[in-house]
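Visitor: So I've got this file, final-v1.txt, and it contains compact mmCIF, C-alpha atoms:
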# COMPACT_ATOMS: atom_id res chain seq x y z
CA MET A 28 0.00 0.00 0.00
CA ARG A 29 2.92 2.36 0.64
CA LYS A 30 3.85 2.09 -3.02
CA ARG A 31 0.43 3.50 -3.90
CA SER A 32 0.37 6.23 -1.26
CA TYR A 33 1.34 8.73 -3.94
CA LEU A 34 -1.92 8.18 -5.83
CA LEU A 35 -4.15 10.41 -3.69
CA PRO A 36 -1.92 13.53 -3.82
CA LEU A 37 -1.19 12.85 -7.51
CA VAL A 38 -4.86 12.63 -8.48
CA GLY A 39 -5.59 15.57 -6.19
CA GLY A 40 -3.02 17.61 -8.11
CA VAL A 41 -4.57 16.54 -11.42
CA LEU A 42 -7.95 17.67 -10.08
CA VAL A 43 -6.58 21.12 -9.18
CA LEU A 44 -5.05 21.53 -12.64
CA THR A 45 -8.25 20.36 -14.32
CA ALA A 46 -10.31 22.77 -12.22
CA LEU A 47 -8.02 25.65 -13.21
CA CYS A 48 -8.36 24.74 -16.88
CA SER A 49 -12.14 24.56 -16.49
CA ALA A 50 -12.17 28.00 -14.86
CA CYS A 51 -10.27 29.49 -17.80
CA ILE A 52 -12.08 27.87 -20.73
CA GLY A 53 -15.44 29.03 -22.06
CA SER A 54 -17.20 31.41 -24.42
CA TYR A 55 -15.66 34.22 -22.34
CA PRO A 56 -12.07 32.95 -21.80
CA LEU A 57 -10.07 33.96 -18.75
CA SER A 58 -6.34 33.66 -18.14
CA LEU A 59 -4.74 32.49 -14.90
CA GLY A 60 -3.40 36.00 -14.46
CA GLN A 61 -6.89 37.44 -14.67
CA ILE A 62 -8.18 34.90 -12.13
CA VAL A 63 -5.38 35.86 -9.73
CA ASP A 64 -6.23 39.55 -10.21
CA ILE A 65 -9.90 38.80 -9.55
CA LEU A 66 -9.10 36.93 -6.34
CA THR A 67 -6.80 39.73 -5.14
CA GLY A 68 -9.44 42.38 -5.89
CA GLU A 69 -7.59 44.17 -8.66
CA LEU A 70 -10.40 43.60 -11.17
CA ARG A 71 -13.26 44.46 -8.84
CA GLY A 72 -16.43 45.52 -10.67
CA THR A 73 -15.24 44.39 -14.09
CA MET A 74 -16.93 41.98 -16.49
CA ASP A 75 -14.11 39.50 -15.82
CA GLU A 76 -15.01 39.40 -12.12
CA LYS A 77 -18.73 39.00 -12.82
CA VAL A 78 -18.15 36.12 -15.25
CA PHE A 79 -15.76 34.36 -12.87
CA LEU A 80 -17.73 34.75 -9.63
CA SER A 81 -21.26 34.38 -11.01
CA LEU A 82 -20.75 31.70 -13.67
CA ARG A 83 -17.32 30.11 -13.95
CA LEU A 84 -16.50 29.48 -10.28
CA PRO A 85 -19.95 28.02 -9.41
CA ARG A 86 -19.71 25.81 -12.49
CA VAL A 87 -16.30 24.46 -11.47
CA LEU A 88 -17.37 23.92 -7.86
CA MET A 89 -20.52 22.09 -8.97
CA GLY A 90 -18.47 19.99 -11.38
CA VAL A 91 -16.10 18.98 -8.59
CA LEU A 92 -18.94 18.18 -6.18
CA SER A 93 -21.13 16.42 -8.76
CA GLY A 94 -18.34 14.25 -10.13
CA GLY A 95 -17.11 13.46 -6.64
CA ALA A 96 -20.61 12.51 -5.49
CA LEU A 97 -21.18 10.24 -8.50
CA GLY A 98 -17.78 8.59 -8.11
CA LEU A 99 -18.19 8.05 -4.36
CA ALA A 100 -21.75 6.73 -4.72
CA GLY A 101 -20.55 4.29 -7.38
CA GLY A 102 -17.77 3.08 -5.10
CA ILE A 103 -20.22 2.64 -2.21
CA TYR A 104 -22.71 0.71 -4.36
CA GLN A 105 -20.08 -1.56 -5.91
CA THR A 106 -18.71 -2.33 -2.45
CA ILE A 107 -21.86 -2.98 -0.44
CA PHE A 108 -23.60 -4.82 -3.31
CA ARG A 109 -20.40 -6.72 -4.18
CA ASN A 110 -21.20 -6.08 -7.83
CA SER A 111 -18.75 -4.38 -10.19
CA LEU A 112 -21.64 -3.21 -12.40
CA ALA A 113 -23.46 -1.38 -9.61
CA SER A 114 -23.87 2.37 -10.09
CA PRO A 115 -25.94 5.28 -8.68
CA ASP A 116 -28.76 4.30 -11.06
CA LEU A 117 -29.21 1.09 -9.07
CA THR A 118 -31.77 2.47 -6.62
CA GLY A 119 -33.79 4.23 -9.33
CA VAL A 120 -32.90 7.67 -8.00
CA ALA A 121 -31.57 9.00 -11.32
CA SER A 122 -34.64 7.87 -13.25
CA GLY A 123 -36.93 9.14 -10.50
CA ALA A 124 -35.21 12.52 -10.41
CA SER A 125 -35.45 12.80 -14.20
CA PHE A 126 -39.16 11.99 -14.04
CA GLY A 127 -39.64 14.64 -11.34
CA ALA A 128 -37.90 17.27 -13.46
CA ALA A 129 -39.99 16.31 -16.49
CA VAL A 130 -43.20 16.58 -14.48
CA ALA A 131 -42.21 20.08 -13.36
CA ILE A 132 -41.38 21.11 -16.94
CA VAL A 133 -44.64 19.78 -18.38
CA LEU A 134 -46.65 21.43 -15.59
CA GLY A 135 -45.13 24.74 -16.61
CA ALA A 136 -42.46 25.30 -13.98
CA GLY A 137 -41.54 28.94 -14.20
CA SER A 138 -38.11 28.75 -12.64
CA GLY A 139 -35.11 26.49 -12.29
CA TRP A 140 -35.86 26.19 -8.58
CA GLN A 141 -39.21 24.55 -9.30
CA ILE A 142 -37.57 22.04 -11.63
CA MET A 143 -34.86 21.36 -9.05
CA PHE A 144 -37.49 20.81 -6.34
CA GLY A 145 -39.48 18.39 -8.53
CA SER A 146 -36.35 16.47 -9.40
CA PHE A 147 -35.05 16.26 -5.85
CA ALA A 148 -38.44 15.33 -4.36
CA MET A 149 -39.02 12.52 -6.85
CA GLY A 150 -35.49 11.20 -6.34
CA VAL A 151 -36.12 10.87 -2.61
CA VAL A 152 -39.55 9.33 -3.25
CA SER A 153 -37.87 6.73 -5.49
CA LEU A 154 -35.64 5.61 -2.62
CA LEU A 155 -38.61 5.41 -0.24
CA VAL A 156 -40.48 3.22 -2.74
CA VAL A 157 -37.44 0.94 -3.05
CA LEU A 158 -37.22 0.58 0.74
CA VAL A 159 -40.97 -0.14 0.99
CA LEU A 160 -40.69 -2.84 -1.69
CA VAL A 161 -37.76 -4.44 0.14
CA TYR A 162 -39.72 -4.33 3.40
CA LEU A 163 -42.81 -5.89 1.79
CA SER A 164 -40.70 -8.64 0.24
CA GLY A 165 -39.47 -9.65 3.69
CA LEU A 166 -35.99 -10.29 2.26
CA GLU A 167 -33.37 -7.68 3.12
CA LYS A 168 -30.85 -9.15 0.71
CA MET A 169 -28.75 -7.41 -1.90
CA GLY A 170 -30.83 -8.91 -4.71
CA SER A 171 -34.00 -7.41 -3.22
CA TYR A 172 -32.56 -3.89 -3.35
CA ILE A 173 -31.34 -4.38 -6.92
CA LEU A 174 -34.66 -5.80 -8.16
CA SER A 175 -36.62 -3.07 -6.37
CA GLY A 176 -34.38 -0.44 -7.95
CA ILE A 177 -35.00 -1.94 -11.39
CA ILE A 178 -38.77 -1.85 -10.78
CA VAL A 179 -38.70 1.81 -9.72
CA SER A 180 -36.39 2.77 -12.60
CA SER A 181 -38.68 1.04 -15.08
CA LEU A 182 -41.76 2.82 -13.75
CA ALA A 183 -39.98 6.19 -13.79
CA ASP A 184 -38.69 5.61 -17.33
CA ALA A 185 -42.18 4.67 -18.48
CA GLY A 186 -43.56 7.86 -16.94
CA LEU A 187 -40.78 9.89 -18.54
CA MET A 188 -41.57 8.46 -21.98
CA MET A 189 -45.26 9.28 -21.49
CA LEU A 190 -44.38 12.87 -20.55
CA LYS A 191 -42.16 13.17 -23.63
CA PHE A 192 -45.09 12.00 -25.75
CA MET A 193 -47.40 14.58 -24.16
CA ALA A 194 -44.89 17.47 -24.11
CA ASP A 195 -44.90 20.43 -26.45
CA PRO A 196 -42.28 19.54 -29.10
CA GLU A 197 -41.05 23.11 -29.47
CA ARG A 198 -40.43 23.92 -25.81
CA GLU A 199 -41.02 21.23 -23.23
CA LEU A 200 -39.67 18.24 -25.15
CA ALA A 201 -36.35 19.94 -25.87
CA ALA A 202 -35.98 20.93 -22.21
CA ILE A 203 -36.74 17.38 -21.03
CA GLU A 204 -34.30 15.83 -23.51
CA PHE A 205 -31.51 18.22 -22.51
CA TRP A 206 -32.18 17.55 -18.83
CA THR A 207 -31.88 13.79 -19.28
CA MET A 208 -28.41 14.20 -20.86
CA GLY A 209 -26.95 16.45 -18.17
CA SER A 210 -25.18 19.81 -18.23
CA LEU A 211 -23.40 22.29 -15.97
CA GLY A 212 -24.39 25.14 -18.27
CA THR A 213 -27.22 26.38 -16.07
CA VAL A 214 -25.25 26.38 -12.82
CA THR A 215 -24.97 29.79 -11.16
CA GLY A 216 -24.03 30.98 -7.70
CA GLU A 217 -27.68 31.19 -6.67
CA LYS A 218 -28.31 27.54 -7.53
CA LEU A 219 -25.43 26.20 -5.43
CA PHE A 220 -27.18 26.71 -2.10
CA PRO A 221 -28.77 24.97 -0.32
CA GLN A 222 -28.43 22.04 -2.74
CA VAL A 223 -24.66 21.96 -2.29
CA LEU A 224 -25.20 21.06 1.38
CA PHE A 225 -27.17 17.97 0.35
CA VAL A 226 -24.13 16.91 -1.69
CA ALA A 227 -21.25 17.87 0.58
CA LEU A 228 -22.62 16.69 3.95
CA PRO A 229 -23.55 13.13 2.87
CA MET A 230 -20.20 12.91 1.07
CA VAL A 231 -18.31 13.69 4.28
CA VAL A 232 -20.37 11.20 6.32
CA LEU A 233 -19.94 8.44 3.71
CA LEU A 234 -16.17 8.92 3.63
CA CYS A 235 -16.03 8.83 7.43
CA CYS A 236 -18.05 5.58 7.46
CA SER A 237 -16.11 3.82 4.70
CA ARG A 238 -14.90 1.14 7.12
CA GLN A 239 -18.51 0.04 7.71
CA ALA A 240 -19.06 -0.19 3.95
CA VAL A 241 -16.09 -2.57 3.64
CA MET A 242 -17.45 -4.64 6.53
CA LEU A 243 -20.81 -4.90 4.75
CA SER A 244 -19.03 -6.20 1.66
CA LEU A 245 -17.87 -9.24 3.63
CA GLY A 246 -21.45 -10.53 3.76
CA THR A 247 -24.36 -10.17 6.17
CA GLU A 248 -23.30 -12.85 8.65
CA HIS A 249 -19.68 -11.78 8.72
CA ALA A 250 -20.64 -8.13 9.20
CA ARG A 251 -23.01 -9.09 12.02
CA SER A 252 -20.25 -11.10 13.70
CA LEU A 253 -18.10 -7.96 13.66
CA GLY A 254 -20.77 -6.07 15.60
CA LEU A 255 -22.42 -4.33 12.65
CA ALA A 256 -26.18 -4.09 12.07
CA PRO A 257 -26.25 -4.87 8.32
CA GLY A 258 -29.83 -3.79 7.62
CA LEU A 259 -29.45 -0.46 9.41
CA TRP A 260 -26.09 0.38 7.84
CA ARG A 261 -27.27 -0.65 4.38
CA MET A 262 -30.16 1.78 4.69
CA VAL A 263 -27.79 4.50 5.93
CA PHE A 264 -25.50 4.09 2.92
CA LEU A 265 -28.36 3.88 0.44
CA GLY A 266 -30.15 6.83 2.02
CA LEU A 267 -27.11 9.13 2.09
CA SER A 268 -26.03 8.12 -1.42
CA THR A 269 -29.52 8.72 -2.77
CA LEU A 270 -29.80 12.10 -1.05
CA MET A 271 -26.46 13.07 -2.57
CA ILE A 272 -27.29 11.89 -6.09
CA ALA A 273 -30.78 13.38 -6.03
CA ALA A 274 -29.26 16.77 -5.15
CA VAL A 275 -26.77 16.44 -8.01
CA VAL A 276 -29.37 15.40 -10.58
CA SER A 277 -31.71 18.18 -9.50
CA ILE A 278 -29.08 20.74 -10.60
CA THR A 279 -27.16 19.08 -13.43
CA GLY A 280 -29.63 16.59 -14.87
CA VAL A 281 -28.64 12.96 -15.42
CA ILE A 282 -24.92 12.38 -16.06
CA ALA A 283 -24.22 8.86 -17.26
CA PHE A 284 -21.43 6.42 -16.44
CA VAL A 285 -19.29 8.56 -14.09
CA GLY A 286 -20.48 6.54 -11.11
CA LEU A 287 -19.68 3.34 -12.97
CA ILE A 288 -16.18 3.96 -14.32
CA ALA A 289 -14.62 6.11 -11.56
CA PRO A 290 -14.68 3.19 -9.05
CA HIS A 291 -13.26 0.83 -11.70
CA ILE A 292 -10.35 3.17 -12.41
CA ALA A 293 -9.82 3.66 -8.67
CA PHE A 294 -9.68 -0.08 -8.06
CA MET A 295 -7.36 -0.71 -11.01
CA LEU A 296 -4.98 1.88 -9.57
CA TYR A 297 -5.39 1.21 -5.84
CA ARG A 298 -6.10 -2.55 -5.87
CA ARG A 299 -7.86 -2.43 -2.51
CA ARG A 300 -11.13 -1.15 -1.11
CA ASN A 301 -10.64 0.98 1.99
CA THR A 302 -10.90 4.66 2.93
CA GLY A 303 -8.18 5.58 0.43
CA TYR A 304 -10.11 3.80 -2.30
CA PHE A 305 -13.29 5.79 -1.61
CA VAL A 306 -11.35 9.07 -1.55
CA LEU A 307 -9.79 8.09 -4.88
CA CYS A 308 -13.26 7.32 -6.31
CA THR A 309 -14.35 10.81 -5.28
CA LEU A 310 -11.31 12.55 -6.80
CA LEU A 311 -11.48 10.58 -10.05
CA GLY A 312 -15.20 11.26 -10.43
CA SER A 313 -14.49 14.99 -10.18
CA VAL A 314 -11.65 14.80 -12.70
CA ILE A 315 -13.73 12.81 -15.20
CA LEU A 316 -16.68 15.20 -14.99
CA LEU A 317 -14.53 18.32 -15.30
CA ILE A 318 -12.74 16.90 -18.34
CA ALA A 319 -16.10 16.07 -19.91
CA ASP A 320 -17.34 19.59 -19.16
CA ILE A 321 -14.25 21.16 -20.74
CA LEU A 322 -14.78 19.06 -23.87
CA ALA A 323 -18.51 19.88 -23.90
CA ARG A 324 -17.65 23.60 -24.14
CA SER A 325 -14.84 23.18 -26.67
CA LEU A 326 -15.76 20.61 -29.32
CA TYR A 327 -18.79 22.08 -31.07
CA GLY A 328 -18.14 25.70 -31.92
CA GLY A 329 -20.29 28.08 -29.93
CA ALA A 330 -22.75 25.39 -28.78
CA GLU A 331 -22.42 23.27 -25.66
CA LEU A 332 -22.76 19.50 -25.86
CA PRO A 333 -24.70 17.56 -23.19
CA LEU A 334 -22.36 16.02 -20.65
CA SER A 335 -23.60 12.44 -20.96
CA ILE A 336 -22.40 12.31 -24.57
CA LEU A 337 -18.86 12.99 -23.40
CA THR A 338 -18.95 10.84 -20.25
CA VAL A 339 -20.18 7.85 -22.25
CA LEU A 340 -17.42 8.35 -24.84
CA LEU A 341 -14.81 8.67 -22.08
CA SER A 342 -16.16 5.51 -20.45
CA VAL A 343 -15.85 3.25 -23.50
CA PRO A 344 -12.02 2.90 -23.47
CA VAL A 345 -12.10 2.20 -19.72
CA LEU A 346 -14.74 -0.51 -20.10
CA ILE A 347 -12.88 -2.07 -23.04
CA ALA A 348 -9.65 -2.10 -21.02
CA LEU A 349 -11.53 -3.65 -18.11
CA LEU A 350 -13.03 -6.31 -20.36
CA CYS A 351 -9.69 -7.19 -21.97
CA GLY A 352 -7.73 -7.14 -18.72
CA ARG A 353 -10.16 -9.06 -16.53
CA LYS A 354 -8.64 -12.34 -15.35
CA GLY A 355 -10.31 -14.83 -13.08
CA GLY A 356 -12.78 -12.27 -11.78
CA ALA A 357 -10.05 -10.55 -9.77
CA HIS A 358 -11.56 -7.14 -10.20
CA GLY A 359 -14.83 -8.25 -8.79
CA SER A 360 -13.31 -9.20 -5.48
CA VAL A 361 -14.06 -6.81 -2.69
CA LEU A 362 -10.76 -6.84 -0.95
As structure tokens, how would this structure be written, given the file I've shared?
Guide:
Amino acid sequence: MRKRSYLLPLVGGVLVLTALCSACIGSYPLSLGQIVDILTGELRGTMDEKVFLSLRLPRVLMGVLSGGALGLAGGIYQTIFRNSLASPDLTGVASGASFGAAVAIVLGAGSGWQIMFGSFAMGVVSLLVVLVLVYLSGLEKMGSYILSGIIVSSLADAGLMMLKFMADPERELAAIEFWTMGSLGTVTGEKLFPQVLFVALPMVVLLCCSRQAVMLSLGTEHARSLGLAPGLWRMVFLGLSTLMIAAVVSITGVIAFVGLIAPHIAFMLYRRRNTGYFVLCTLLGSVILLIADILARSLYGGAELPLSILTVLLSVPVLIALLCGRKGGAHGSVL
């Protein structure tokens, strides 16, 4: 493990550099010198300061938090479910949040706050439905959570398709489609709070409780023998992860695959699941999302591409490398 102790500061440095690049790049470019002058107050009251403080800085901060939340949630899910294909979509929260946003749009939501509230509320409702289904099944096993998540996701997707069919093609349909592909383009300073608290606070708690997540991965009986209450802790991890992801989706829309590939990259680099692994999942998720956001602003002239297009494209080489390099199911092992 000492040989890999350099990974966290290295990836942290990459994240800082990526964040700086993201702060500079856009339709109104800024140089590092200008950013320094803004932070020192030498450009107070200028257009440069307004662009940086009102648009660029909130966008970078939300990119770091959103990517970190998706990466950490993916690492938590893959660990406690002992399934290398688990991702934040597993509990149906992403589909539920998308459905909530679509409902708000079709009902004529007049502000971004109303769309965010609809998305967040439906994401939380999705988790509650999953937990009720697990309770009614009488089987608090991993498979019950996965199957319940699939049921909720399917219902939410069906509702989303119905809303797309009913939506006004010129206004509502375009807004729904763009929402379901994700973007940081609408993030401003006003939108960061209080939603950012629902991302940052669960993230801190999950990182502090990473040891319990590893204990859960050993199996229900083993975890219980170590003094852990598996059912309670599983609900804690699912609840906090869902709260975090619902808050992210309510601001950015659905961003695909970050929660799937960040944990895979972290495990390939770190080779062990512990607190360092979960921190690495968080850092890598932020780096991946910021890189995708930089490309989204740079590849198509003056237009901005939806984030999920880029995150899916970035994920393909990782998944191919994982497929080609998988031997004896080693990657699927928890420890």
Visitor: List as a list in words the protein and nucleic acid residues near Leu34 (chain A), meaning an atom at most 12 Å away when all atoms listed in the file are counted, but skip any in the same chain fewer than 3 places from it.
Guide: Met28, Arg29, Lys30, Arg31, Leu37, Val38, Gly39, Gly40, Val41, Ile292, Ala293, Phe294, Met295, Leu296, Tyr297, Arg298, Gly303, Tyr304, Val306, Leu307, Cys308, Leu310 and Leu311 of chain A
Visitor: Restrict the selected residues to C-alpha atoms and save them as an mmCIF file, in the frame of the given file.
Guide:
data_model
loop_
_atom_site.group_PDB
_atom_site.id
_atom_site.type_symbol
_atom_site.label_atom_id
_atom_site.label_comp_id
_atom_site.auth_asym_id
_atom_site.auth_seq_id
_atom_site.Cartn_x
_atom_site.Cartn_y
_atom_site.Cartn_z
ATOM 1 C CA MET A 28 0.000 0.000 0.000
ATOM 2 C CA ARG A 29 2.920 2.360 0.640
ATOM 3 C CA LYS A 30 3.850 2.090 -3.020
ATOM 4 C CA ARG A 31 0.430 3.500 -3.900
ATOM 5 C CA LEU A 37 -1.190 12.850 -7.510
ATOM 6 C CA VAL A 38 -4.860 12.630 -8.480
ATOM 7 C CA GLY A 39 -5.590 15.570 -6.190
ATOM 8 C CA GLY A 40 -3.020 17.610 -8.110
ATOM 9 C CA VAL A 41 -4.570 16.540 -11.420
ATOM 10 C CA ILE A 292 -10.350 3.170 -12.410
ATOM 11 C CA ALA A 293 -9.820 3.660 -8.670
ATOM 12 C CA PHE A 294 -9.680 -0.080 -8.060
ATOM 13 C CA MET A 295 -7.360 -0.710 -11.010
ATOM 14 C CA LEU A 296 -4.980 1.880 -9.570
ATOM 15 C CA TYR A 297 -5.390 1.210 -5.840
ATOM 16 C CA ARG A 298 -6.100 -2.550 -5.870
ATOM 17 C CA GLY A 303 -8.180 5.580 0.430
ATOM 18 C CA TYR A 304 -10.110 3.800 -2.300
ATOM 19 C CA VAL A 306 -11.350 9.070 -1.550
ATOM 20 C CA LEU A 307 -9.790 8.090 -4.880
ATOM 21 C CA CYS A 308 -13.260 7.320 -6.310
ATOM 22 C CA LEU A 310 -11.310 12.550 -6.800
ATOM 23 C CA LEU A 311 -11.480 10.580 -10.050
#
Visitor: What is the CA of Pro221 (chain A)-CA of Leu233 (chain A) distance in Å, reported with one decimal?
Guide: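 Atom-to-atom, CA of Pro221 (chain A) and CA of Leu233 (chain A) are spaced 19.2 Å apart.
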Visitor: Taking 6 positions as the minimum chain separation for residues in the same chain, which residues sit within 8 Å of region 242-256 of chain A when counting all atoms listed in the file? Answer as JSON, numbers by chain.
Guide: {"A": [106, 107, 108, 109, 361]}
Visitor: Quick one: contact table of region 154-273 of chain A to region 114-119 of chain A, 7 Å max, nearest atom pair and distance in Å to one decimal per residue, counting all atoms listed in the file, chain and number order, as a Markdown table?
Guide:
| residue | atom | partner | partner_atom | distance |
| --- | --- | --- | --- | --- |
| A:Leu154 | CA | A:Thr118 | CA | 6.4 |
| A:Val157 | CA | A:Thr118 | CA | 6.9 |
| A:Ile173 | CA | A:Leu117 | CA | 6.3 |
| A:Gly176 | CA | A:Thr118 | CA | 4.1 |
| A:Ile177 | CA | A:Gly119 | CA | 6.6 |
| A:Val179 | CA | A:Gly119 | CA | 5.5 |
| A:Ser180 | CA | A:Gly119 | CA | 4.4 |
Visitor: Can you measure CA of Leu92 (chain A) to CA of Glu331 (chain A) for me? One decimal in Å is fine.
Guide: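 The value is 20.4 Å.
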Visitor: Find the residues near Leu99 (chain A): any atom within 8 Å, counting all atoms listed in the file, skip ones fewer than 4 places away on the same chain, and give them as a PyMOL selection string.
Guide: chain A and resi 95+103+230+286+290+305-306+308-309+312
Visitor: Give me, please, the distance in Å between CA of Leu287 (chain A) and CA of Gly352 (chain A), quoted to one decimal.
Guide: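 Rounded to one decimal, the two atoms are 16.9 Å apart.
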Visitor: Considering all atoms listed in the file, return as a PyMOL selection string whatever protein or nucleic-acid residues lie within 9 Å of Gly266 (chain A), sequence-local ones (same chain, fewer than 3 positions apart) excluded.
Guide: chain A and resi 151+154-155+261-263+269-271
Visitor: Keeping C-alpha atoms for every residue in the selection just given, could you write it to a file as a JSON list (two decimals), in the coordinates of the input?
Guide:
[["chain", "number", "residue", "atom", "x", "y", "z"],
["A", 151, "VAL", "CA", -36.12, 10.87, -2.61],
["A", 154, "LEU", "CA", -35.64, 5.61, -2.62],
["A", 155, "LEU", "CA", -38.61, 5.41, -0.24],
["A", 261, "ARG", "CA", -27.27, -0.65, 4.38],
["A", 262, "MET", "CA", -30.16, 1.78, 4.69],
["A", 263, "VAL", "CA", -27.79, 4.50, 5.93],
["A", 269, "THR", "CA", -29.52, 8.72, -2.77],
["A", 270, "LEU", "CA", -29.80, 12.10, -1.05],
["A", 271, "MET", "CA", -26.46, 13.07, -2.57]]
Visitor: Got a sec: who's within 9 Å of Ile278 (chain A), counting only C-alpha atoms, leaving out chain neighbours fewer than 5 positions off, as a list in words?
Guide: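 Counting only the stated atoms, we get Met89, Gly139, Trp140, Ile142, Met143, Ser146, Phe147, Gly209, Ser210, Leu211, Thr213, Val214, Lys218, Leu219, Gln222 and Ala273 of chain A.
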Visitor: Given the choices A:Ala50, A:Ser268, A:Glu199, A:Glu204, which gets closest to Gly135 (chain A) if the distance is worked out from all atoms listed in the file?
Guide: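 Looking only at the distances to Gly135 (chain A), the closest residue turns out to be A:Glu199.
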Visitor: Around (-12.4, 24.0, -7.9), as given in the file, which residues come within 8 Å? Count only C-alpha atoms and list them as an NGL selection string.
Guide: :A and (43 or 46-47 or 84 or 87-88 or 91)
Visitor: Measuring between only C-alpha atoms, which one of A:Gly53, A:Gly329, A:Gly123, A:Gly258 shows the shortest distance to Tyr162 (chain A)?
Guide: A:Gly258
Visitor: Of the residues A:Ala121, A:Leu97, A:Ile52, A:Val345, which is the one nearest to Phe79 (chain A), using all atoms listed in the file?
Guide: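 Going through A:Ala121, A:Leu97, A:Ile52, A:Val345 one by one, the smallest distance to Phe79 (chain A) is for A:Ile52.
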Visitor: Kindly provide, as a list in words, the polymer residues lying within 6 Å of (-33.6, -2.5, -2.3), counting all atoms listed in the file and using the coordinates exactly as they appear in the file.
Guide: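 Answer for this query, in the requested form: Val157, Leu158, Val161, Ser171, Tyr172, Ile173 and Ser175 of chain A.
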Visitor: Which residue is closest to Val152 (chain A)? Choose from A:Trp206, A:Phe264, A:Phe192, A:Phe126 and count only C-alpha atoms.
Guide: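 When distances to Val152 (chain A) are compared using only C-alpha atoms, the smallest one comes from A:Phe126.
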Visitor: Looking at A:Gly212, A:Met74, A:Val285, A:Met149, which one is nearest to Ile321 (chain A), with distances taken over all atoms listed in the file?
Guide: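 When distances to Ile321 (chain A) are compared using all atoms listed in the file, the smallest one comes from A:Gly212.
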Visitor: From the list A:Pro257, A:Pro344, A:Gly90, A:Pro56, which residue is nearest Asp75 (chain A) when using all atoms listed in the file?
Guide: A:Pro56
Visitor: Sorted by chain and rising residue number, which residues of region 227-318 of chain A lie within 9 Å of region 334-339 of chain A, and what are their closest atom pairs and distances in Å to one decimal, counting only C-alpha atoms, as JSON lines?
Guide:
{"residue": "A:Val281", "atom": "CA", "partner": "A:Ser335", "partner_atom": "CA", "distance": 7.5}
{"residue": "A:Ile282", "atom": "CA", "partner": "A:Ser335", "partner_atom": "CA", "distance": 5.1}
{"residue": "A:Ala283", "atom": "CA", "partner": "A:Ser335", "partner_atom": "CA", "distance": 5.2}
{"residue": "A:Phe284", "atom": "CA", "partner": "A:Val339", "partner_atom": "CA", "distance": 6.1}
{"residue": "A:Val285", "atom": "CA", "partner": "A:Thr338", "partner_atom": "CA", "distance": 6.6}
{"residue": "A:Ile315", "atom": "CA", "partner": "A:Thr338", "partner_atom": "CA", "distance": 7.5}
{"residue": "A:Leu316", "atom": "CA", "partner": "A:Thr338", "partner_atom": "CA", "distance": 7.2}
{"residue": "A:Ile318", "atom": "CA", "partner": "A:Leu337", "partner_atom": "CA", "distance": 8.9}
